[in-house]
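A.B. asks: Provided below: entry38.cif, containing mmCIF, C-alpha atoms.
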```
data_work
loop_
_atom_site.label_atom_id
_atom_site.label_comp_id
_atom_site.auth_asym_id
_atom_site.auth_seq_id
_atom_site.Cartn_x
_atom_site.Cartn_y
_atom_site.Cartn_z
CA MET S 1 84.82 -39.82 -93.14
CA ALA S 2 82.63 -36.78 -92.52
CA GLU S 3 82.89 -35.61 -88.93
CA LYS S 4 79.70 -35.81 -86.86
CA ASP S 5 78.54 -33.10 -84.52
CA TYR S 6 77.48 -35.09 -81.48
CA TYR S 7 75.78 -32.07 -79.94
CA GLU S 8 73.69 -31.67 -83.08
CA VAL S 9 72.87 -35.39 -83.06
CA MET S 10 71.59 -35.05 -79.49
CA GLY S 11 69.82 -31.74 -80.21
CA VAL S 12 71.55 -29.86 -77.36
CA GLN S 13 73.81 -26.83 -77.02
CA ARG S 14 77.57 -27.27 -76.55
CA ASN S 15 77.26 -25.96 -72.99
CA ALA S 16 74.47 -28.41 -72.12
CA THR S 17 74.55 -29.90 -68.63
CA ASP S 18 74.82 -33.61 -67.94
CA ALA S 19 71.14 -33.64 -66.97
CA GLU S 20 70.13 -31.99 -70.25
CA ILE S 21 72.17 -34.49 -72.27
CA LYS S 22 70.66 -37.40 -70.37
CA LYS S 23 67.13 -36.07 -70.92
CA ALA S 24 67.80 -35.59 -74.64
CA TYR S 25 69.06 -39.16 -74.87
CA ARG S 26 65.97 -40.53 -73.11
CA ASP S 27 63.64 -38.69 -75.49
CA LEU S 28 65.54 -39.67 -78.65
CA ALA S 29 65.99 -43.29 -77.57
CA LYS S 30 62.26 -43.63 -77.06
CA LYS S 31 61.57 -42.04 -80.44
CA TYR S 32 63.95 -44.14 -82.55
CA HIS S 33 64.10 -47.42 -80.63
CA PRO S 34 64.21 -50.31 -83.15
CA ASP S 35 61.48 -52.23 -81.34
CA LEU S 36 59.08 -49.43 -82.20
CA HIS S 37 60.19 -49.36 -85.86
CA PRO S 38 60.68 -52.99 -86.89
CA GLY S 39 62.45 -53.25 -90.24
CA ASP S 40 63.11 -49.49 -90.46
CA LYS S 41 66.82 -49.20 -91.32
CA ASN S 42 66.78 -45.40 -91.00
CA ALA S 43 65.46 -45.59 -87.44
CA GLU S 44 68.04 -48.27 -86.60
CA ALA S 45 70.87 -46.13 -87.97
CA LYS S 46 69.60 -43.09 -86.10
CA PHE S 47 69.35 -45.11 -82.91
CA LYS S 48 72.97 -46.24 -83.20
CA GLU S 49 74.08 -42.68 -83.95
CA ILE S 50 72.33 -41.44 -80.80
CA ASN S 51 74.03 -44.09 -78.68
CA GLU S 52 77.41 -43.20 -80.20
CA ALA S 53 76.90 -39.55 -79.36
CA TYR S 54 75.72 -40.27 -75.84
CA GLU S 55 78.63 -42.64 -75.21
CA VAL S 56 80.96 -39.69 -75.75
CA LEU S 57 79.01 -36.78 -74.25
CA SER S 58 78.06 -38.67 -71.09
CA ASP S 59 81.72 -39.40 -70.30
CA LYS S 60 83.51 -36.41 -68.78
CA ASP S 61 86.95 -37.25 -70.19
CA LYS S 62 85.72 -38.21 -73.66
CA ARG S 63 83.58 -35.09 -73.86
CA ALA S 64 86.56 -32.93 -72.95
CA ARG S 65 88.68 -34.51 -75.69
CA TYR S 66 85.80 -34.21 -78.16
CA ASP S 67 85.32 -30.51 -77.31
CA GLN S 68 89.05 -29.89 -77.90
CA PHE S 69 89.81 -32.11 -80.90
CA GLY S 70 86.44 -33.02 -82.35
CA GLN S 71 85.71 -36.63 -83.31
CA ALA S 72 89.41 -37.24 -83.85
CA GLY S 73 89.88 -36.86 -80.09
CA VAL S 74 87.73 -39.89 -79.35
CA ASP S 75 87.91 -42.06 -82.49
CA SER S 76 91.21 -43.54 -83.62
CA SER S 77 89.88 -43.91 -87.16
CA PHE S 78 90.15 -40.13 -87.51
CA GLY S 79 93.94 -40.16 -87.39
CA GLY S 80 95.40 -41.25 -84.09
CA GLY S 81 93.42 -39.14 -81.64
CA ALA S 82 94.19 -39.62 -77.98
CA GLY S 83 92.27 -42.26 -76.14
CA GLY S 84 91.35 -44.41 -79.14
CA SER S 85 87.86 -45.16 -80.39
CA PRO S 86 85.06 -45.14 -77.83
CA PHE S 87 83.57 -48.04 -79.80
CA THR S 88 86.56 -50.36 -79.88
CA GLY S 89 85.52 -53.87 -78.87
CA ASN S 90 82.02 -54.96 -77.87
CA ILE S 91 79.26 -52.48 -77.05
CA ASN S 92 76.38 -53.59 -74.88
CA ILE S 93 73.60 -51.11 -75.58
CA ASP S 94 71.65 -52.71 -72.75
CA ASP S 95 74.25 -51.33 -70.33
CA ILE S 96 73.74 -47.82 -71.69
CA PHE S 97 69.97 -48.20 -71.45
CA ASN S 98 70.06 -49.53 -67.91
CA SER S 99 72.32 -46.70 -66.75
CA VAL S 100 69.95 -44.10 -68.17
CA PHE S 101 66.52 -45.67 -67.72
CA GLY S 102 67.10 -47.92 -64.73
CA GLY S 103 65.77 -50.81 -66.77
CA PHE S 104 64.20 -50.23 -70.18
CA GLY S 105 60.69 -51.68 -70.33
CA PHE S 106 59.44 -52.30 -73.85
CA ASP S 107 55.85 -51.48 -72.92
CA GLY S 108 56.53 -48.11 -71.38
CA PHE S 109 60.24 -47.22 -71.53
CA GLY S 110 60.83 -47.32 -67.84
CA GLY S 111 59.72 -50.71 -66.57
CA GLY S 112 62.13 -52.62 -64.39
CA GLY S 113 64.06 -55.74 -65.07
CA GLY S 114 65.93 -55.07 -68.30
CA ARG S 115 65.34 -53.63 -71.71
CA HIS S 116 62.41 -55.83 -72.73
CA ALA S 117 59.47 -56.55 -70.51
CA ALA S 118 59.05 -60.29 -70.22
CA THR S 119 56.59 -61.37 -72.89
CA ASN S 120 55.43 -64.32 -70.82
CA ALA S 121 54.71 -62.21 -67.73
CA PRO S 122 51.08 -61.48 -66.72
CA ARG S 123 49.73 -58.63 -68.83
CA ARG S 124 46.56 -56.60 -68.60
CA GLY S 125 44.09 -57.11 -71.43
CA SER S 126 43.50 -54.33 -73.92
CA ASP S 127 40.43 -52.11 -73.69
CA SER S 128 37.30 -52.62 -75.78
CA GLU S 129 35.24 -49.82 -77.30
CA SER S 130 31.58 -49.36 -78.07
CA SER S 131 29.07 -46.54 -78.41
CA VAL S 132 25.48 -45.77 -77.49
CA THR S 133 23.00 -43.15 -78.70
CA ILE S 134 20.51 -41.67 -76.23
CA SER S 135 17.90 -38.94 -76.33
CA PHE S 136 18.28 -35.44 -74.92
CA GLU S 137 15.96 -36.31 -72.02
CA GLU S 138 17.81 -39.56 -71.26
CA ALA S 139 21.08 -37.66 -71.06
CA ALA S 140 19.49 -35.15 -68.69
CA LYS S 141 17.79 -37.64 -66.40
CA GLY S 142 19.96 -40.77 -66.75
CA CYS S 143 18.92 -44.17 -68.01
CA VAL S 144 19.91 -47.84 -68.35
CA LYS S 145 21.04 -49.06 -71.76
CA THR S 146 22.12 -52.40 -73.21
CA ILE S 147 25.51 -52.19 -74.91
CA ASN S 148 26.63 -54.64 -77.59
CA TYR S 149 30.35 -55.02 -78.23
CA GLU S 150 33.15 -57.36 -79.28
CA GLN S 151 35.34 -58.91 -76.60
CA VAL S 152 38.42 -61.11 -76.75
CA GLU S 153 38.32 -63.76 -74.05
CA ALA S 154 40.25 -66.86 -73.09
CA CYS S 155 39.33 -69.93 -75.15
CA ALA S 156 37.07 -72.20 -73.12
CA GLU S 157 38.28 -75.33 -74.93
CA CYS S 158 41.96 -74.98 -74.01
CA HIS S 159 41.57 -72.61 -71.05
CA GLY S 160 43.70 -70.03 -72.79
CA THR S 161 46.76 -72.25 -73.29
CA GLY S 162 46.37 -72.56 -77.08
CA ALA S 163 47.11 -76.30 -76.85
CA LYS S 164 44.51 -78.89 -77.77
CA ASP S 165 44.92 -80.91 -74.60
CA GLY S 166 45.95 -77.92 -72.51
CA SER S 167 49.57 -79.04 -72.28
CA THR S 168 52.61 -77.11 -73.46
CA ARG S 169 56.36 -77.52 -73.17
CA THR S 170 59.23 -75.17 -72.50
CA CYS S 171 60.67 -73.55 -75.61
CA PRO S 172 64.04 -75.22 -76.35
CA GLN S 173 65.41 -72.13 -78.11
CA CYS S 174 65.07 -69.63 -75.24
CA ASN S 175 64.66 -72.12 -72.38
CA GLY S 176 61.39 -70.49 -71.36
CA ALA S 177 62.75 -66.95 -71.14
CA GLY S 178 60.83 -65.73 -74.17
CA GLN S 179 63.88 -63.72 -75.25
CA VAL S 180 67.20 -64.41 -76.89
CA ARG S 181 70.38 -62.35 -76.93
CA VAL S 182 71.84 -61.64 -80.36
CA SER S 183 75.30 -60.31 -81.22
CA GLN S 184 75.61 -58.25 -84.39
CA ARG S 185 78.71 -56.84 -86.01
CA THR S 186 78.36 -53.12 -86.83
CA PRO S 187 80.76 -50.33 -87.87
CA PHE S 188 81.05 -49.60 -84.16
CA GLY S 189 81.97 -53.10 -83.12
CA MET S 190 79.92 -56.04 -81.84
CA VAL S 191 76.53 -54.88 -80.53
CA GLN S 192 74.51 -57.15 -78.28
CA THR S 193 70.74 -56.81 -78.28
CA THR S 194 67.84 -58.74 -76.82
CA ARG S 195 64.89 -59.68 -78.99
CA THR S 196 61.76 -61.79 -78.78
CA CYS S 197 62.30 -65.48 -79.36
CA ASP S 198 61.23 -66.45 -82.89
CA ARG S 199 60.36 -70.00 -81.90
CA CYS S 200 57.77 -69.25 -79.20
CA GLY S 201 56.87 -65.65 -80.00
CA GLY S 202 58.00 -64.56 -76.55
CA THR S 203 55.72 -66.84 -74.55
CA GLY S 204 58.50 -69.18 -73.44
CA LYS S 205 56.31 -72.16 -74.34
CA VAL S 206 55.86 -74.32 -77.43
CA ILE S 207 52.57 -75.86 -78.54
CA ASP S 208 52.85 -79.15 -80.40
CA ASP S 209 49.12 -79.73 -80.95
CA PRO S 210 47.24 -76.40 -81.33
CA CYS S 211 43.66 -76.04 -80.13
CA THR S 212 41.26 -76.12 -83.08
CA ALA S 213 38.73 -73.78 -81.44
CA CYS S 214 41.16 -70.85 -81.23
CA SER S 215 43.79 -71.97 -83.80
CA GLY S 216 46.40 -72.09 -81.05
CA SER S 217 46.04 -68.45 -79.99
CA GLY S 218 44.33 -69.24 -76.69
CA ARG S 219 41.88 -66.39 -77.32
CA VAL S 220 38.57 -66.08 -79.15
CA HIS S 221 36.27 -63.21 -80.18
CA ARG S 222 32.80 -63.11 -78.67
CA HIS S 223 29.74 -60.88 -79.11
CA LYS S 224 28.85 -59.49 -75.70
CA SER S 225 25.91 -57.56 -74.25
CA ILE S 226 25.90 -55.66 -70.99
CA GLU S 227 23.53 -53.26 -69.24
CA ILE S 228 25.13 -50.04 -68.04
CA ASN S 229 23.81 -47.15 -65.99
CA ILE S 230 24.17 -43.83 -67.81
CA PRO S 231 24.28 -41.09 -65.17
CA ALA S 232 22.05 -38.02 -65.24
CA GLY S 233 23.78 -34.99 -66.72
CA ILE S 234 26.07 -36.78 -69.15
CA ASP S 235 26.86 -34.86 -72.33
CA GLY S 236 27.52 -35.93 -75.89
CA ASN S 237 31.00 -37.27 -76.79
CA GLN S 238 31.75 -38.20 -73.19
CA VAL S 239 33.11 -41.70 -72.51
CA LEU S 240 31.92 -44.05 -69.80
CA ASN S 241 34.44 -46.54 -68.45
CA VAL S 242 33.18 -49.98 -67.43
CA SER S 243 35.97 -51.60 -65.43
CA GLY S 244 36.99 -55.17 -66.20
CA LYS S 245 34.68 -55.65 -69.18
CA GLY S 246 37.31 -55.31 -71.88
CA ASN S 247 39.53 -57.94 -73.48
CA ALA S 248 40.89 -60.81 -71.41
CA GLY S 249 44.30 -60.48 -69.81
CA VAL S 250 47.27 -62.59 -70.85
CA ASN S 251 49.08 -65.10 -68.65
CA GLY S 252 46.75 -64.44 -65.75
CA GLY S 253 46.77 -60.66 -66.10
CA PRO S 254 43.61 -58.61 -65.37
CA ASP S 255 40.99 -57.92 -68.02
CA GLY S 256 40.90 -54.55 -69.75
CA ASP S 257 38.07 -52.03 -69.55
CA LEU S 258 35.14 -51.22 -71.82
CA HIS S 259 34.96 -47.63 -73.07
CA VAL S 260 31.48 -46.51 -74.16
CA LEU S 261 31.21 -43.33 -76.23
CA VAL S 262 27.90 -41.57 -75.54
CA ASN S 263 26.13 -39.82 -78.41
CA VAL S 264 23.20 -37.53 -77.57
CA GLN S 265 20.52 -36.84 -80.17
CA PRO S 266 19.68 -33.17 -80.77
CA HIS S 267 16.36 -31.92 -79.41
CA PRO S 268 13.82 -30.12 -81.62
CA ILE S 269 13.18 -27.43 -78.98
CA PHE S 270 15.95 -27.42 -76.38
CA GLU S 271 19.60 -26.49 -76.77
CA ARG S 272 22.15 -27.44 -74.14
CA ARG S 273 24.85 -25.01 -73.03
CA GLY S 274 26.88 -26.62 -70.27
CA ILE S 275 24.32 -27.46 -67.60
CA ASP S 276 21.84 -24.80 -68.79
CA ILE S 277 19.02 -25.27 -71.29
CA TRP S 278 17.95 -22.64 -73.81
CA CYS S 279 14.81 -22.48 -75.89
CA GLU S 280 12.77 -19.96 -77.87
CA LEU S 281 9.12 -19.21 -77.13
CA PRO S 282 6.99 -17.60 -79.88
CA VAL S 283 4.24 -15.25 -78.65
CA THR S 284 1.73 -13.11 -80.51
CA PHE S 285 1.94 -9.35 -80.91
CA THR S 286 -1.02 -8.94 -78.56
CA GLN S 287 0.46 -11.24 -75.88
CA ALA S 288 3.73 -9.33 -75.96
CA ALA S 289 1.99 -5.95 -75.81
CA LEU S 290 -0.59 -6.73 -73.13
CA GLY S 291 1.19 -9.47 -71.20
CA ALA S 292 -0.15 -12.98 -70.90
CA GLU S 293 0.14 -16.30 -69.14
CA VAL S 294 2.01 -18.72 -71.41
CA ILE S 295 2.92 -22.40 -71.26
CA VAL S 296 6.67 -23.12 -71.33
CA PRO S 297 8.04 -26.64 -72.05
CA THR S 298 10.79 -28.01 -69.78
CA ILE S 299 12.44 -31.43 -69.44
CA ASP S 300 10.24 -31.92 -66.37
CA GLY S 301 7.01 -31.09 -68.20
CA LYS S 302 5.04 -27.93 -68.89
CA VAL S 303 5.09 -24.90 -66.56
CA GLU S 304 3.05 -21.69 -66.56
CA TYR S 305 4.78 -18.34 -66.80
CA GLN S 306 3.39 -14.79 -66.77
CA ILE S 307 5.10 -12.55 -69.32
CA HIS S 308 4.94 -8.85 -68.53
CA PRO S 309 3.22 -6.23 -70.73
CA GLY S 310 5.51 -4.68 -73.32
CA THR S 311 7.69 -7.77 -73.74
CA GLN S 312 10.18 -7.17 -76.55
CA PRO S 313 11.58 -9.60 -79.12
CA GLY S 314 14.76 -11.17 -77.72
CA ASP S 315 13.84 -10.64 -74.07
CA VAL S 316 15.04 -13.58 -71.94
CA PHE S 317 13.61 -14.90 -68.71
CA LYS S 318 15.00 -17.64 -66.50
CA LEU S 319 13.41 -20.68 -64.91
CA ARG S 320 15.59 -21.64 -61.97
CA ALA S 321 16.76 -25.24 -61.54
CA LYS S 322 15.03 -26.40 -64.73
CA GLY S 323 18.27 -27.21 -66.52
CA ILE S 324 20.61 -30.23 -66.61
CA PRO S 325 21.64 -31.99 -63.37
CA LYS S 326 25.31 -31.56 -62.48
CA LEU S 327 27.11 -34.76 -63.42
CA GLY S 328 28.23 -36.64 -60.33
CA SER S 329 27.07 -33.97 -57.86
CA ARG S 330 24.04 -32.13 -56.56
CA GLY S 331 22.30 -29.19 -58.15
CA ARG S 332 20.98 -28.33 -61.58
CA GLY S 333 21.41 -25.68 -64.18
CA ASP S 334 18.71 -23.21 -65.24
CA GLN S 335 16.49 -22.89 -68.28
CA TYR S 336 16.60 -19.67 -70.29
CA VAL S 337 13.66 -18.75 -72.51
CA ARG S 338 14.12 -16.21 -75.30
CA MET S 339 10.98 -14.44 -76.53
CA THR S 340 10.20 -14.24 -80.22
CA VAL S 341 7.29 -11.96 -81.18
CA GLU S 342 5.54 -13.23 -84.28
CA VAL S 343 4.16 -10.63 -86.69
CA PRO S 344 0.79 -11.78 -88.05
CA LYS S 345 0.45 -12.65 -91.75
CA ASN S 346 -2.48 -13.20 -94.14
CA LEU S 347 -4.62 -10.47 -92.54
CA SER S 348 -8.24 -9.93 -93.55
CA GLN S 349 -9.44 -6.48 -94.58
CA LYS S 350 -11.15 -6.02 -91.22
CA GLN S 351 -7.95 -6.90 -89.36
CA LYS S 352 -5.98 -4.44 -91.47
CA ASP S 353 -8.50 -1.68 -90.76
CA LEU S 354 -8.32 -2.38 -87.05
CA LEU S 355 -4.53 -2.23 -87.08
CA ARG S 356 -4.56 1.07 -88.98
CA GLU S 357 -7.03 2.44 -86.46
CA PHE S 358 -4.76 1.27 -83.65
CA GLU S 359 -1.68 2.78 -85.32
CA SER S 360 -3.39 6.15 -85.77
CA SER S 361 -4.28 6.22 -82.10
CA ALA S 362 -0.78 5.27 -80.90
CA GLU S 363 1.53 7.92 -79.50
CA GLU S 364 5.32 8.25 -79.42
CA LYS S 365 5.38 7.16 -75.78
CA ASN S 366 4.09 3.75 -76.93
CA TYR S 367 7.28 3.17 -78.94
CA GLN S 368 10.25 4.07 -76.79
CA LYS S 369 12.94 2.49 -79.00
CA ARG S 370 11.50 4.16 -82.12
CA ARG S 371 11.39 7.55 -80.40
CA SER S 372 14.97 7.16 -79.14
CA PHE S 373 16.14 6.18 -82.62
CA PHE S 374 14.69 9.25 -84.31
CA GLU S 375 16.02 11.53 -81.61
CA LYS S 376 19.49 10.20 -82.34
CA LEU S 377 18.95 10.86 -86.04
CA LYS S 378 18.06 14.48 -85.30
CA ASP S 379 21.23 14.91 -83.29
CA MET S 380 23.24 13.23 -86.03
CA PHE S 381 22.00 15.48 -88.84
CA GLY S 382 21.47 18.64 -86.76
CA GLU S 383 17.79 18.89 -87.48
#
```
Written as structure tokens, how would this file's structure read?
C.D. replies:
Amino acid sequence: MAEKDYYEVMGVQRNATDAEIKKAYRDLAKKYHPDLHPGDKNAEAKFKEINEAYEVLSDKDKRARYDQFGQAGVDSSFGGGAGGSPFTGNINIDDIFNSVFGGFGFDGFGGGGGRHAATNAPRRGSDSESSVTISFEEAAKGCVKTINYEQVEACAECHGTGAKDGSTRTCPQCNGAGQVRVSQRTPFGMVQTTRTCDRCGGTGKVIDDPCTACSGSGRVHRHKSIEINIPAGIDGNQVLNVSGKGNAGVNGGPDGDLHVLVNVQPHPIFERRGIDIWCELPVTFTQAALGAEVIVPTIDGKVEYQIHPGTQPGDVFKLRAKGIPKLGSRGRGDQYVRMTVEVPKNLSQKQKDLLREFESSAEEKNYQKRRSFFEKLKDMFGE
């Protein structure tokens, strides 16, 4: 038999502390637990190997013998090592789990009351999901939208019992516990595990005459509609949570929530950056050169703005508090307007002559960037 390296199995160093070994066991047990990998023989074998390693490394005396003699020090099958096999007789993996996890809840690895959470206990319903598409302005200012979605709810015919007349009886196989204990012979001895009762599916109850409306499940799918308030300032790909509007709970548990994914349509003019809005404003050559009063679009409507003479392409001015409201608080972002100077096309002969006349009358002081550029060229080439 090939000797196993228990430290390697646990993924820890040989000088690992008890706390480090316990943490490694918790992580590995969660990863390879058979309930999370039904029918996976590799996961089951790995899970047993982890428990074997932890059984030795968590025991001070066994670990000392293992460190000195290897697996032969703790397993009699390796040739008469002291102390005999740590797996002689029955192993109750539940005991190991309870000592490490303080109760091993199936639904979260840490719930109280044993390795499996009671299937017939009250459970919260799962969450439902939907989506809504709104305009740029609706996202900025908020709106009310009707949401359509699918919801699982308790069957009205049987009141969620799954039985035609609403009556059920206690499962004779598990006596209402919803779980049964099974002993299984393994290479390490008899291993006792707890699994969901096959007869009742973990509910602890048996239905003799199933409800025809829900086929005995006690739950039905329904198309639902609900109006929700979308707050001002919401952004695309954010999710709104509507409490208690998800799928129905089980065994009297609370209903789940409805998650609504918000999609925001792009705007033909505005671009959102956080809580600020950006846009481009095209102006003519004459407006940029002489200055002019221009109309600027905002989400609140049009505003007038005086651009200064000599405005350059790419210049940006700011309109305070014309941006997106801060989600869930006071205040707003700003709007930034970038100037684009449009060069005229399709000129008539008269327009061309006028521009040439203007160009011939212009001086270097009229073109500061051009003058600076050529001065740098002179310095560069030593002219």
A.B. asks: So which residues touch Gly310 (chain S) within 12 Å, counting all atoms listed in the file, skipping near sequence neighbours fewer than 4 positions away, as a tab-separated table (two decimals) with C-alpha atoms, in the frame of the given file?
C.D. replies:
```
chain	number	residue	atom	x	y	z
S	283	VAL	CA	4.24	-15.25	-78.65
S	284	THR	CA	1.73	-13.11	-80.51
S	285	PHE	CA	1.94	-9.35	-80.91
S	286	THR	CA	-1.02	-8.94	-78.56
S	287	GLN	CA	0.46	-11.24	-75.88
S	288	ALA	CA	3.73	-9.33	-75.96
S	289	ALA	CA	1.99	-5.95	-75.81
S	290	LEU	CA	-0.59	-6.73	-73.13
S	291	GLY	CA	1.19	-9.47	-71.20
S	292	ALA	CA	-0.15	-12.98	-70.90
S	315	ASP	CA	13.84	-10.64	-74.07
S	339	MET	CA	10.98	-14.44	-76.53
S	341	VAL	CA	7.29	-11.96	-81.18
S	366	ASN	CA	4.09	3.75	-76.93
S	367	TYR	CA	7.28	3.17	-78.94
S	368	GLN	CA	10.25	4.07	-76.79
S	369	LYS	CA	12.94	2.49	-79.00
```
A.B. asks: What does the PyMOL selection byres ((chain S and resi 203) around 9) select in this file, as a PyMOL selection string?
C.D. replies: chain S and resi 118-121+171+176-179+196-197+200-202+204-206
A.B. asks: Which residues fall under the PyMOL selection byres ((chain S and resi 256) around 10) in this file, as a list in words?
C.D. replies: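 Residues picked by the PyMOL selection byres ((chain S and resi 256) around 10): Arg123, Arg124, Gly125, Ser126, Asp127, Ser128, Gln151, Val152, Val242, Ser243, Gly244, Lys245, Gly246, Asn247, Ala248, Gly249, Gly253, Pro254, Asp255, Asp257, Leu258 and His259 of chain S.
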A.B. asks: Write the selection just made, keeping C-alpha atoms, as a short mmCIF file (atom, residue, chain, number, x, y, z; two decimals), in the frame of the given file?
C.D. replies:
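That gives us out_16.cif:
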```
data_model
loop_
_atom_site.label_atom_id
_atom_site.label_comp_id
_atom_site.auth_asym_id
_atom_site.auth_seq_id
_atom_site.Cartn_x
_atom_site.Cartn_y
_atom_site.Cartn_z
CA ARG S 123 49.73 -58.63 -68.83
CA ARG S 124 46.56 -56.60 -68.60
CA GLY S 125 44.09 -57.11 -71.43
CA SER S 126 43.50 -54.33 -73.92
CA ASP S 127 40.43 -52.11 -73.69
CA SER S 128 37.30 -52.62 -75.78
CA GLN S 151 35.34 -58.91 -76.60
CA VAL S 152 38.42 -61.11 -76.75
CA VAL S 242 33.18 -49.98 -67.43
CA SER S 243 35.97 -51.60 -65.43
CA GLY S 244 36.99 -55.17 -66.20
CA LYS S 245 34.68 -55.65 -69.18
CA GLY S 246 37.31 -55.31 -71.88
CA ASN S 247 39.53 -57.94 -73.48
CA ALA S 248 40.89 -60.81 -71.41
CA GLY S 249 44.30 -60.48 -69.81
CA GLY S 253 46.77 -60.66 -66.10
CA PRO S 254 43.61 -58.61 -65.37
CA ASP S 255 40.99 -57.92 -68.02
CA ASP S 257 38.07 -52.03 -69.55
CA LEU S 258 35.14 -51.22 -71.82
CA HIS S 259 34.96 -47.63 -73.07
#
```
A.B. asks: Taking (47.7, -79.0, -77.4) in the file's coordinates, which residues come within 9 Å, counting all atoms listed in the file, written as an NGL selection string?
C.D. replies: :S and (158 or 161-168 or 207-211 or 216)
A.B. asks: Could you jot down the CA of Arg219 (chain S) to CA of Asn175 (chain S) separation for me, Å, one decimal place?
C.D. replies: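 Distance between the two atoms: 24.0 Å.
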A.B. asks: Just the number, please: distance in Å from CA of Gln349 (chain S) to CA of Pro282 (chain S), one decimal.
C.D. replies: 24.7 Å
A.B. asks: What separation in Å, quoted to one decimal, exists between CA of Gly142 (chain S) and CA of Leu327 (chain S)?
C.D. replies: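 Straight-line distance from CA of Gly142 (chain S) to CA of Leu327 (chain S) works out to 9.9 Å.
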A.B. asks: Written as an mmCIF file with C-alpha atoms, in the coordinates of the input, what is the full residue list that the PyMOL selection byres ((chain S and resi 266) around 12) yields on the file shown?
C.D. replies:
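Output saved as part_10.cif:
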```cif
data_model
loop_
_atom_site.group_PDB
_atom_site.id
_atom_site.type_symbol
_atom_site.label_atom_id
_atom_site.label_comp_id
_atom_site.auth_asym_id
_atom_site.auth_seq_id
_atom_site.Cartn_x
_atom_site.Cartn_y
_atom_site.Cartn_z
ATOM 1 C CA THR S 133 23.000 -43.150 -78.700
ATOM 2 C CA ILE S 134 20.510 -41.670 -76.230
ATOM 3 C CA SER S 135 17.900 -38.940 -76.330
ATOM 4 C CA PHE S 136 18.280 -35.440 -74.920
ATOM 5 C CA GLU S 137 15.960 -36.310 -72.020
ATOM 6 C CA GLU S 138 17.810 -39.560 -71.260
ATOM 7 C CA ALA S 139 21.080 -37.660 -71.060
ATOM 8 C CA ASP S 235 26.860 -34.860 -72.330
ATOM 9 C CA GLY S 236 27.520 -35.930 -75.890
ATOM 10 C CA ASN S 263 26.130 -39.820 -78.410
ATOM 11 C CA VAL S 264 23.200 -37.530 -77.570
ATOM 12 C CA GLN S 265 20.520 -36.840 -80.170
ATOM 13 C CA HIS S 267 16.360 -31.920 -79.410
ATOM 14 C CA PRO S 268 13.820 -30.120 -81.620
ATOM 15 C CA ILE S 269 13.180 -27.430 -78.980
ATOM 16 C CA PHE S 270 15.950 -27.420 -76.380
ATOM 17 C CA GLU S 271 19.600 -26.490 -76.770
ATOM 18 C CA ARG S 272 22.150 -27.440 -74.140
#
```
A.B. asks: Can you work out which one of S:Ile275, S:His159, S:Gln351, S:Val260 has the shortest atom-to-atom distance to Val220 (chain S), counting only C-alpha atoms?
C.D. replies: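 Using only C-alpha atoms, the shortest distance to Val220 (chain S) belongs to S:His159.
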A.B. asks: Using all atoms listed in the file, can you tell me which of S:Ile299, S:Val250, S:Ala53, S:Val12 comes closest to Gly333 (chain S)?
C.D. replies: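 That would be S:Ile299, the residue with the smallest distance to Gly333 (chain S).
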A.B. asks: Which residues, written as a list in words, have at least one atom at most 7 Å from Ala43 (chain S), with all atoms listed in the file counted and residues fewer than 5 positions away on the same chain left out?
C.D. replies: Tyr32, Pro34 and His37 of chain S
A.B. asks: As an NGL selection string, please: the residues near region 14-27 of chain S (cut-off 8 Å, only C-alpha atoms, same-chain neighbours under 2 positions excluded).
C.D. replies: :S and (7 or 10-12 or 29-31 or 50-51 or 54 or 57-58 or 100-101)
A.B. asks: List the spatial neighbours of Ile324 (chain S) as a PyMOL selection string - criterion: any atom at most 8 Å away, all atoms listed in the file, same-chain residues fewer than 6 positions off excluded.
C.D. replies: chain S and resi 140-141+233+275-277+332-334
A.B. asks: Since the input lacks some atoms of region 123-130 of chain S, please model N, CA and C atoms and print them as an mmCIF file, in the coordinates of the input.
C.D. replies:
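Writing the result to rebuild_16.cif gives the following:
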```cif
data_model
loop_
_atom_site.group_PDB
_atom_site.id
_atom_site.type_symbol
_atom_site.label_atom_id
_atom_site.label_comp_id
_atom_site.auth_asym_id
_atom_site.auth_seq_id
_atom_site.Cartn_x
_atom_site.Cartn_y
_atom_site.Cartn_z
ATOM 1 N N ARG S 123 49.958 -59.934 -68.211
ATOM 2 C CA ARG S 123 49.730 -58.630 -68.830
ATOM 3 C C ARG S 123 48.236 -58.314 -68.829
ATOM 4 N N ARG S 124 47.952 -57.064 -68.598
ATOM 5 C CA ARG S 124 46.560 -56.600 -68.600
ATOM 6 C C ARG S 124 46.001 -56.672 -70.015
ATOM 7 N N GLY S 125 44.737 -57.055 -70.128
ATOM 8 C CA GLY S 125 44.090 -57.110 -71.430
ATOM 9 C C GLY S 125 43.864 -55.709 -71.986
ATOM 10 N N SER S 126 43.753 -55.620 -73.281
ATOM 11 C CA SER S 126 43.500 -54.330 -73.920
ATOM 12 C C SER S 126 42.053 -53.909 -73.685
ATOM 13 N N ASP S 127 41.762 -52.639 -73.912
ATOM 14 C CA ASP S 127 40.430 -52.110 -73.690
ATOM 15 C C ASP S 127 39.555 -52.311 -74.931
ATOM 16 N N SER S 128 38.275 -52.522 -74.702
ATOM 17 C CA SER S 128 37.300 -52.620 -75.780
ATOM 18 C C SER S 128 36.563 -51.287 -75.901
ATOM 19 N N GLU S 129 35.958 -51.070 -77.068
ATOM 20 C CA GLU S 129 35.240 -49.820 -77.300
ATOM 21 C C GLU S 129 33.865 -50.115 -77.892
ATOM 22 N N SER S 130 32.915 -49.294 -77.516
ATOM 23 C CA SER S 130 31.580 -49.360 -78.070
ATOM 24 C C SER S 130 30.968 -47.969 -77.999
#
```
